[in-house]
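One file, protein-v9.txt, carrying compact mmCIF, C-alpha atoms:
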# COMPACT_ATOMS: atom_id res chain seq x y z
CA MET D 274 46.05 -18.09 28.19
CA ASP D 275 44.47 -20.53 30.68
CA ILE D 276 45.98 -24.00 30.17
CA ARG D 277 42.99 -25.68 31.81
CA ALA D 278 40.66 -23.89 29.41
CA LEU D 279 42.76 -25.12 26.48
CA LYS D 280 42.45 -28.69 27.75
CA LEU D 281 38.67 -28.33 28.00
CA TYR D 282 38.57 -26.85 24.52
CA LEU D 283 40.60 -29.69 22.99
CA HIS D 284 38.43 -32.29 24.69
CA LEU D 285 35.34 -30.61 23.26
CA CYS D 286 36.96 -30.65 19.81
CA ASP D 287 37.20 -34.43 20.14
CA SER D 288 33.78 -35.12 21.66
CA LEU D 289 31.69 -32.40 19.96
CA HIS D 290 29.34 -32.86 22.90
CA PHE D 291 29.15 -30.41 25.82
CA GLY D 292 27.58 -32.95 28.18
CA LYS D 293 30.24 -35.61 27.54
CA THR D 294 33.11 -33.17 27.90
CA ALA D 295 31.70 -31.73 31.12
CA GLN D 296 31.20 -35.21 32.58
CA GLN D 297 34.54 -36.64 31.48
CA THR D 298 36.59 -33.61 32.56
CA HIS D 299 34.73 -33.36 35.89
CA VAL D 300 33.41 -29.82 35.46
CA SER D 301 29.87 -28.49 35.45
CA PRO D 302 28.23 -27.63 32.09
CA SER D 303 28.12 -23.99 33.16
CA THR D 304 31.86 -24.00 33.93
CA LEU D 305 32.58 -25.47 30.50
CA SER D 306 30.36 -22.90 28.78
CA ARG D 307 32.04 -20.03 30.61
CA ALA D 308 35.51 -21.32 29.72
CA LEU D 309 34.55 -21.54 26.05
CA GLN D 310 32.96 -18.10 26.15
CA ARG D 311 36.16 -16.59 27.57
CA LEU D 312 38.23 -18.25 24.85
CA GLU D 313 35.93 -16.94 22.13
CA GLU D 314 36.13 -13.46 23.63
CA GLU D 315 39.95 -13.63 23.64
CA VAL D 316 40.11 -14.97 20.09
CA GLY D 317 37.45 -12.56 18.89
CA CYS D 318 35.27 -15.01 16.96
CA LYS D 319 33.16 -18.14 17.32
CA LEU D 320 35.04 -21.41 17.72
CA PHE D 321 31.97 -23.67 17.57
CA GLU D 322 28.59 -23.63 15.88
CA ARG D 323 26.07 -25.16 18.25
CA ASP D 324 22.35 -25.68 18.63
CA ASN D 325 20.18 -27.96 20.75
CA ARG D 326 21.20 -31.07 18.79
CA SER D 327 24.71 -30.69 17.43
CA VAL D 328 28.12 -29.06 17.82
CA SER D 329 30.54 -28.39 14.97
CA ILE D 330 33.93 -26.68 14.77
CA THR D 331 34.19 -23.46 12.78
CA HIS D 332 37.11 -22.64 10.48
CA ALA D 333 38.48 -20.39 13.22
CA GLY D 334 37.96 -23.23 15.67
CA ASN D 335 40.16 -25.57 13.61
CA GLU D 336 42.87 -22.91 13.43
CA PHE D 337 42.65 -22.36 17.17
CA LYS D 338 42.78 -26.13 17.79
CA GLN D 339 46.23 -26.27 16.19
CA PHE D 340 47.33 -23.35 18.37
CA ALA D 341 45.93 -25.02 21.50
CA GLU D 342 47.68 -28.32 20.75
CA HIS D 343 50.99 -26.54 20.12
CA THR D 344 50.64 -24.40 23.25
CA LEU D 345 49.84 -27.40 25.45
CA ALA D 346 52.81 -29.35 24.06
CA GLU D 347 55.09 -26.37 24.69
CA TRP D 348 53.73 -26.00 28.22
CA LEU D 349 54.47 -29.64 29.06
CA SER D 350 57.94 -29.29 27.55
CA LEU D 351 58.57 -26.16 29.61
CA LYS D 352 57.47 -27.87 32.82
CA SER D 353 59.85 -30.73 32.06
CA ARG D 354 62.79 -28.33 31.51
CA ILE D 355 62.04 -26.29 34.62
CA ASP D 356 61.66 -29.34 36.86
CA PRO D 357 63.23 -32.48 35.33
CA ASP D 358 62.27 -34.49 38.41
CA GLN D 359 58.54 -33.91 38.14
CA PRO D 360 56.54 -37.11 37.60
CA LEU D 361 56.03 -37.09 33.82
CA LEU D 362 55.07 -40.50 32.49
CA HIS D 363 57.60 -42.37 30.39
CA GLY D 364 57.37 -45.85 28.96
CA ARG D 365 55.32 -47.76 26.42
CA ILE D 366 51.73 -48.89 26.02
CA ASN D 367 50.81 -51.70 23.62
CA LEU D 368 47.33 -51.31 22.14
CA TYR D 369 45.17 -53.76 20.19
CA CYS D 370 42.00 -53.10 18.21
CA SER D 371 40.26 -53.79 14.93
CA VAL D 372 41.14 -51.83 11.80
CA THR D 373 37.76 -50.08 12.02
CA ALA D 374 38.29 -49.05 15.66
CA ALA D 375 41.68 -47.65 14.64
CA TYR D 376 39.77 -45.27 12.34
CA SER D 377 36.62 -44.63 14.35
CA HIS D 378 37.37 -44.55 18.09
CA LEU D 379 41.10 -44.72 18.73
CA PRO D 380 42.19 -41.33 17.26
CA ALA D 381 40.20 -39.25 19.76
CA LEU D 382 41.48 -41.35 22.68
CA LEU D 383 45.09 -41.09 21.52
CA ASP D 384 44.82 -37.36 20.86
CA ARG D 385 43.79 -36.75 24.46
CA PHE D 386 46.33 -39.21 25.88
CA ARG D 387 49.26 -37.83 23.90
CA ARG D 388 48.47 -34.26 24.88
CA GLU D 389 48.71 -35.19 28.55
CA HIS D 390 51.54 -37.72 28.26
CA PRO D 391 53.72 -36.94 25.23
CA HIS D 392 56.66 -39.02 26.46
CA VAL D 393 54.79 -42.34 26.45
CA GLU D 394 55.57 -44.49 23.40
CA ILE D 395 52.51 -46.03 21.75
CA THR D 396 52.49 -49.24 19.72
CA LEU D 397 49.40 -50.53 17.91
CA ASN D 398 48.49 -53.93 16.54
CA THR D 399 45.27 -54.48 14.60
CA GLY D 400 43.31 -57.65 14.02
CA ASP D 401 40.00 -59.38 14.61
CA ALA D 402 38.20 -57.65 17.48
CA ALA D 403 36.92 -61.06 18.60
CA ASN D 404 40.50 -61.93 19.58
CA ALA D 405 41.00 -58.85 21.79
CA VAL D 406 40.29 -60.57 25.12
CA GLU D 407 42.80 -63.29 24.29
CA GLU D 408 45.41 -60.66 23.38
CA ILE D 409 45.01 -59.10 26.84
CA GLN D 410 44.97 -62.41 28.71
CA HIS D 411 48.16 -63.59 27.02
CA ASN D 412 49.95 -60.26 27.61
CA ARG D 413 50.33 -59.51 23.92
CA ALA D 414 48.54 -56.19 24.54
CA ASP D 415 48.30 -53.89 27.55
CA MET D 416 44.99 -52.35 26.47
CA ALA D 417 42.45 -53.31 23.81
CA ILE D 418 39.28 -51.88 22.35
CA ILE D 419 36.65 -54.62 22.57
CA ALA D 420 32.95 -55.30 22.28
CA LEU D 421 31.88 -56.37 25.75
CA PRO D 422 31.34 -60.15 25.68
CA ASP D 423 28.34 -61.73 27.36
CA SER D 424 30.66 -63.04 30.05
CA LEU D 425 33.76 -61.00 30.82
CA PRO D 426 36.38 -62.81 32.93
CA SER D 427 36.60 -61.37 36.44
CA SER D 428 40.33 -60.85 35.93
CA LEU D 429 39.64 -58.16 33.30
CA HIS D 430 38.58 -54.53 33.62
CA PHE D 431 36.21 -52.92 31.09
CA GLU D 432 35.64 -49.17 30.64
CA GLU D 433 32.80 -48.31 28.24
CA ILE D 434 33.40 -45.68 25.56
CA GLY D 435 30.12 -46.00 23.64
CA GLN D 436 27.55 -48.22 21.99
CA VAL D 437 27.69 -49.59 18.46
CA PRO D 438 24.40 -50.49 16.73
CA LEU D 439 24.17 -53.69 14.67
CA HIS D 440 22.00 -54.09 11.58
CA LEU D 441 21.19 -56.56 8.85
CA TYR D 442 23.08 -55.81 5.63
CA ALA D 443 22.61 -57.18 2.12
CA PRO D 444 24.39 -56.60 -1.20
CA THR D 445 23.09 -54.07 -3.72
CA ILE D 446 24.60 -55.81 -6.75
CA LYS D 447 22.64 -58.31 -8.81
CA CYS D 448 23.06 -61.71 -7.15
CA GLN D 449 21.08 -64.53 -5.57
CA ALA D 450 20.90 -62.84 -2.16
CA GLN D 451 19.71 -59.59 -3.68
CA SER D 452 16.94 -61.41 -5.57
CA MET D 453 15.85 -63.24 -2.42
CA ILE D 454 15.47 -60.09 -0.32
CA LYS D 455 13.15 -58.62 -2.95
CA GLN D 456 10.64 -61.40 -2.29
CA GLN D 457 7.88 -60.56 0.18
CA PRO D 458 7.85 -61.93 2.71
CA ILE D 459 11.56 -62.63 2.87
CA ASP D 460 12.34 -66.30 3.42
CA TRP D 461 14.97 -65.72 6.10
CA ALA D 462 15.75 -69.41 6.52
CA GLN D 463 16.87 -69.68 2.88
CA LEU D 464 19.05 -66.57 2.78
CA PRO D 465 22.80 -67.26 2.74
CA PHE D 466 24.33 -65.76 5.90
CA ILE D 467 27.94 -64.76 6.45
CA VAL D 468 28.76 -64.88 10.16
CA PRO D 469 31.80 -64.40 12.42
CA ASP D 470 33.55 -67.63 13.30
CA HIS D 471 33.60 -66.69 17.01
CA GLY D 472 33.26 -63.84 19.47
CA PRO D 473 30.47 -61.42 20.46
CA GLY D 474 29.40 -60.92 16.84
CA ARG D 475 28.78 -64.62 16.42
CA ARG D 476 26.72 -64.73 19.61
CA ARG D 477 24.62 -61.80 18.41
CA ALA D 478 23.95 -63.67 15.17
CA ASP D 479 23.11 -66.94 16.93
CA ASN D 480 20.74 -65.13 19.31
CA TRP D 481 19.01 -63.48 16.35
CA PHE D 482 18.57 -66.81 14.55
CA LYS D 483 17.11 -68.31 17.71
CA ALA D 484 14.72 -65.38 18.19
CA MET D 485 13.63 -65.70 14.55
CA GLY D 486 13.01 -69.41 15.06
CA PHE D 487 14.94 -70.91 12.16
CA LYS D 488 18.14 -72.79 11.47
CA PRO D 489 20.33 -70.47 9.39
CA ASN D 490 21.78 -71.22 5.99
CA ILE D 491 25.43 -70.41 6.76
CA TYR D 492 27.34 -69.56 3.60
CA ALA D 493 30.61 -68.78 5.37
CA GLN D 494 32.17 -68.34 8.81
CA VAL D 495 34.70 -65.53 8.64
CA SER D 496 37.32 -63.97 10.93
CA GLY D 497 36.91 -60.20 11.16
CA GLN D 498 33.91 -57.91 10.60
CA GLU D 499 35.73 -56.03 7.83
CA ALA D 500 36.11 -59.24 5.84
CA ILE D 501 32.42 -60.06 6.37
CA THR D 502 31.44 -56.65 5.00
CA SER D 503 33.56 -57.23 1.91
CA MET D 504 31.95 -60.62 1.27
CA VAL D 505 28.46 -59.11 1.53
CA ALA D 506 29.51 -56.37 -0.91
CA LEU D 507 30.65 -59.09 -3.34
CA GLY D 508 27.18 -60.65 -3.28
CA CYS D 509 28.01 -63.74 -1.24
CA GLY D 510 25.20 -63.29 1.27
CA VAL D 511 23.79 -61.16 4.09
CA SER D 512 25.17 -60.40 7.55
CA ILE D 513 24.50 -58.89 10.94
CA SER D 514 27.25 -56.28 11.16
CA PRO D 515 28.24 -53.29 13.31
CA GLU D 516 27.12 -50.00 11.79
CA VAL D 517 30.53 -48.42 12.37
CA VAL D 518 32.26 -51.15 10.34
CA VAL D 519 29.99 -50.62 7.35
CA GLU D 520 30.13 -46.81 7.55
CA ASN D 521 33.95 -46.90 7.53
CA SER D 522 34.21 -49.53 4.79
CA PRO D 523 35.43 -48.58 1.28
CA VAL D 524 32.65 -50.81 -0.12
CA ARG D 525 29.80 -49.29 1.92
CA GLU D 526 28.01 -48.10 -1.24
CA ARG D 527 27.59 -51.75 -2.26
CA LEU D 528 25.58 -52.60 0.88
CA GLN D 529 22.03 -51.86 1.92
CA ARG D 530 20.46 -52.05 5.35
CA LEU D 531 17.49 -54.37 5.88
CA GLU D 532 14.76 -53.94 8.44
CA SER D 533 15.08 -56.62 11.08
CA PRO D 534 11.92 -58.38 12.33
CA GLN D 535 13.73 -58.89 15.67
CA LYS D 536 15.65 -56.32 17.69
CA ILE D 537 19.43 -56.72 17.59
CA ALA D 538 21.19 -55.64 20.77
CA PRO D 539 24.05 -53.15 20.20
CA PHE D 540 27.62 -53.77 21.21
CA GLN D 541 28.97 -52.05 24.30
CA LEU D 542 32.34 -50.83 23.10
CA GLY D 543 35.10 -50.10 25.54
CA CYS D 544 38.71 -50.41 26.60
CA CYS D 545 39.85 -53.55 28.36
CA CYS D 546 42.91 -54.45 30.40
CA LYS D 547 43.80 -56.76 33.26
CA GLU D 548 42.10 -55.71 36.50
CA LYS D 549 45.33 -56.08 38.48
CA ARG D 550 47.07 -53.61 36.15
CA THR D 551 44.55 -50.74 36.37
CA GLN D 552 46.70 -48.88 38.92
CA GLU D 553 49.86 -49.04 36.83
CA PRO D 554 50.64 -45.38 36.01
CA ILE D 555 50.43 -45.60 32.21
CA LEU D 556 47.31 -47.78 32.09
CA LYS D 557 45.65 -45.68 34.78
CA ALA D 558 46.39 -42.55 32.77
CA PHE D 559 44.95 -44.10 29.62
CA LEU D 560 41.75 -45.11 31.43
CA GLU D 561 41.41 -41.57 32.74
CA VAL D 562 41.16 -40.08 29.23
CA ILE D 563 38.16 -42.28 28.34
Write-out of the structure in structure tokens:
Amino acid sequence: MDIRALKLYLHLCDSLHFGKTAQQTHVSPSTLSRALQRLEEEVGCKLFERDNRSVSITHAGNEFKQFAEHTLAEWLSLKSRIDPDQPLLHGRINLYCSVTAAYSHLPALLDRFRREHPHVEITLNTGDAANAVEEIQHNRADMAIIALPDSLPSSLHFEEIGQVPLHLYAPTIKCQAQSMIKQQPIDWAQLPFIVPDHGPGRRRADNWFKAMGFKPNIYAQVSGQEAITSMVALGCGVSISPEVVVENSPVRERLQRLESPQKIAPFQLGCCCKEKRTQEPILKAFLEVI
């Protein structure tokens, strides 16, 4: 079976988007479609359900994914045994991201990286995403998933992996904040706000307050978007939070989204490392899977 086709297939399993897989694997959409068609003909059944708007993996597709992962791992192992001197990457990469990013974005990146470079050891530290740039600058992490700050130091390299919408969120439980949002019009200046203590999230909040033209009633300044979401769920106030954080939170059913009178710019999410290290073999390889 064609190893290159298996790699394309596994990438599509991660992205569930023909356009993204074609672009990121440097093949034409028609080449990708033909590769998938040949695989389905060999397997004898459909691996994906697809229409003009979505792609999903079939039961057979999930079974074949396990086969493809095993086959690729065996192929790399065979190449290593046949030619021990070939340039397989060895070493360690230290990653840093928020707890939410560890659930939402990191698994797909690591799946692709580990398939190509199974001998690289991976370590992961989680914490406040607002501290990611500092972790890179102080060499406590080799690579971090960050929200692009308004001003990125020239010494750092940023590779975008997607956009994260931000919305206004309020508690659903009976509390002062919940009573206040039921009033029409909402008195935004009186609402208790829970905001990040620093970082891109805090700047998004400050820009929104400025655009709305009022001085906010800050109930609390908190480190970490996950902690902010929990405080909103407890009825302490309202927040401007990333959609992905709320959707991955165990308390998401206790939050409701509010319509914002002012547009809130999304985060540009990406991987960040020191510019001078982008040509180091392991970091270069990690950037290539994005």
* Asked: Restricting the calculation to all atoms listed in the file, which member of D:Leu312, D:Ala402, D:Met504, D:Ala417 is positioned closest to Cys546 in chain D?
  -> D:Ala417
* Asked: What does the distance between CA of Cys545 in chain D and CA of Arg385 in chain D come to in Å, to one decimal place?
  -> 17.7 Å
Distance query Gly435 in chain D at most 12 Å, only C-alpha atoms, self and fewer than 4 positions along chain excluded, as an mmCIF file with C-alpha atoms, in the frame of the given file:
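Output saved as out-v9.cif:
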data_model
loop_
_atom_site.group_PDB
_atom_site.id
_atom_site.type_symbol
_atom_site.label_atom_id
_atom_site.label_comp_id
_atom_site.auth_asym_id
_atom_site.auth_seq_id
_atom_site.Cartn_x
_atom_site.Cartn_y
_atom_site.Cartn_z
ATOM 1 C CA SER D 288 33.780 -35.120 21.660
ATOM 2 C CA LYS D 293 30.240 -35.610 27.540
ATOM 3 C CA ALA D 374 38.290 -49.050 15.660
ATOM 4 C CA SER D 377 36.620 -44.630 14.350
ATOM 5 C CA HIS D 378 37.370 -44.550 18.090
ATOM 6 C CA ILE D 418 39.280 -51.880 22.350
ATOM 7 C CA ILE D 419 36.650 -54.620 22.570
ATOM 8 C CA ALA D 420 32.950 -55.300 22.280
ATOM 9 C CA LEU D 421 31.880 -56.370 25.750
ATOM 10 C CA PHE D 431 36.210 -52.920 31.090
ATOM 11 C CA VAL D 517 30.530 -48.420 12.370
ATOM 12 C CA PRO D 539 24.050 -53.150 20.200
ATOM 13 C CA PHE D 540 27.620 -53.770 21.210
ATOM 14 C CA GLN D 541 28.970 -52.050 24.300
ATOM 15 C CA LEU D 542 32.340 -50.830 23.100
ATOM 16 C CA GLY D 543 35.100 -50.100 25.540
ATOM 17 C CA CYS D 544 38.710 -50.410 26.600
ATOM 18 C CA ILE D 563 38.160 -42.280 28.340
#
* Asked: What is the distance, in Å and to one decimal place, between CA of His392 in chain D and CA of Leu368 in chain D?
  ->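 So the two atoms, CA of His392 in chain D and CA of Leu368 in chain D, lie 16.0 Å apart.
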* What's the 10 Å shell around Arg387 in chain D, counting only C-alpha atoms, without same-chain residues fewer than 5 positions away, as an NGL selection string? -> :D and (346 or 382 or 392-395 or 559 or 562)
* To do: Counting all atoms listed in the file, find the residues whose atoms lie at most 12 Å from (26.1, -49.0, -2.4) (file coordinates) and write them out as a ChimeraX atom specification.
  => /D:442-447,502-503,505-508,519-520,522-530
* To do: Find the residues with any atom within 9 Å of (39.8, -21.8, 21.0); use all atoms listed in the file and the coordinates as given in the file, and write the answer as a list in words.
  => Ala278, Leu279, Tyr282, Leu283, Leu309, Leu312, Glu313, Glu315, Val316, Lys319, Leu320, Phe321, Ala333, Gly334, Asn335, Glu336, Phe337, Lys338, Phe340 and Ala341 of chain D
* Which residues, written as a ChimeraX atom specification, have at least one atom at most 12 Å from range 404-407 of chain D, with all atoms listed in the file counted and residues fewer than 2 positions away on the same chain left out? -> /D:368-371,374,398-402,409-422,424-431,469-474,496-498,542-547
* Quote the spacing between CA of Ile459 in chain D and CA of Glu499 in chain D in Å to one decimal place. =>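 Atom-to-atom, CA of Ile459 in chain D and CA of Glu499 in chain D are spaced 25.5 Å apart.
Comparing the minimum interatomic distances between Asn325 in chain D and each of D:Glu548, D:Pro515, D:Phe291, D:His390, counting only C-alpha atoms, we find that D:Phe291 sits nearest.
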* Closest to Thr298 in chain D among D:Gln310, D:Ile501, D:Glu408, D:His284, using only C-alpha atoms? ->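 Of D:Gln310, D:Ile501, D:Glu408, D:His284, the one nearest Thr298 in chain D, counting only C-alpha atoms, is D:His284.
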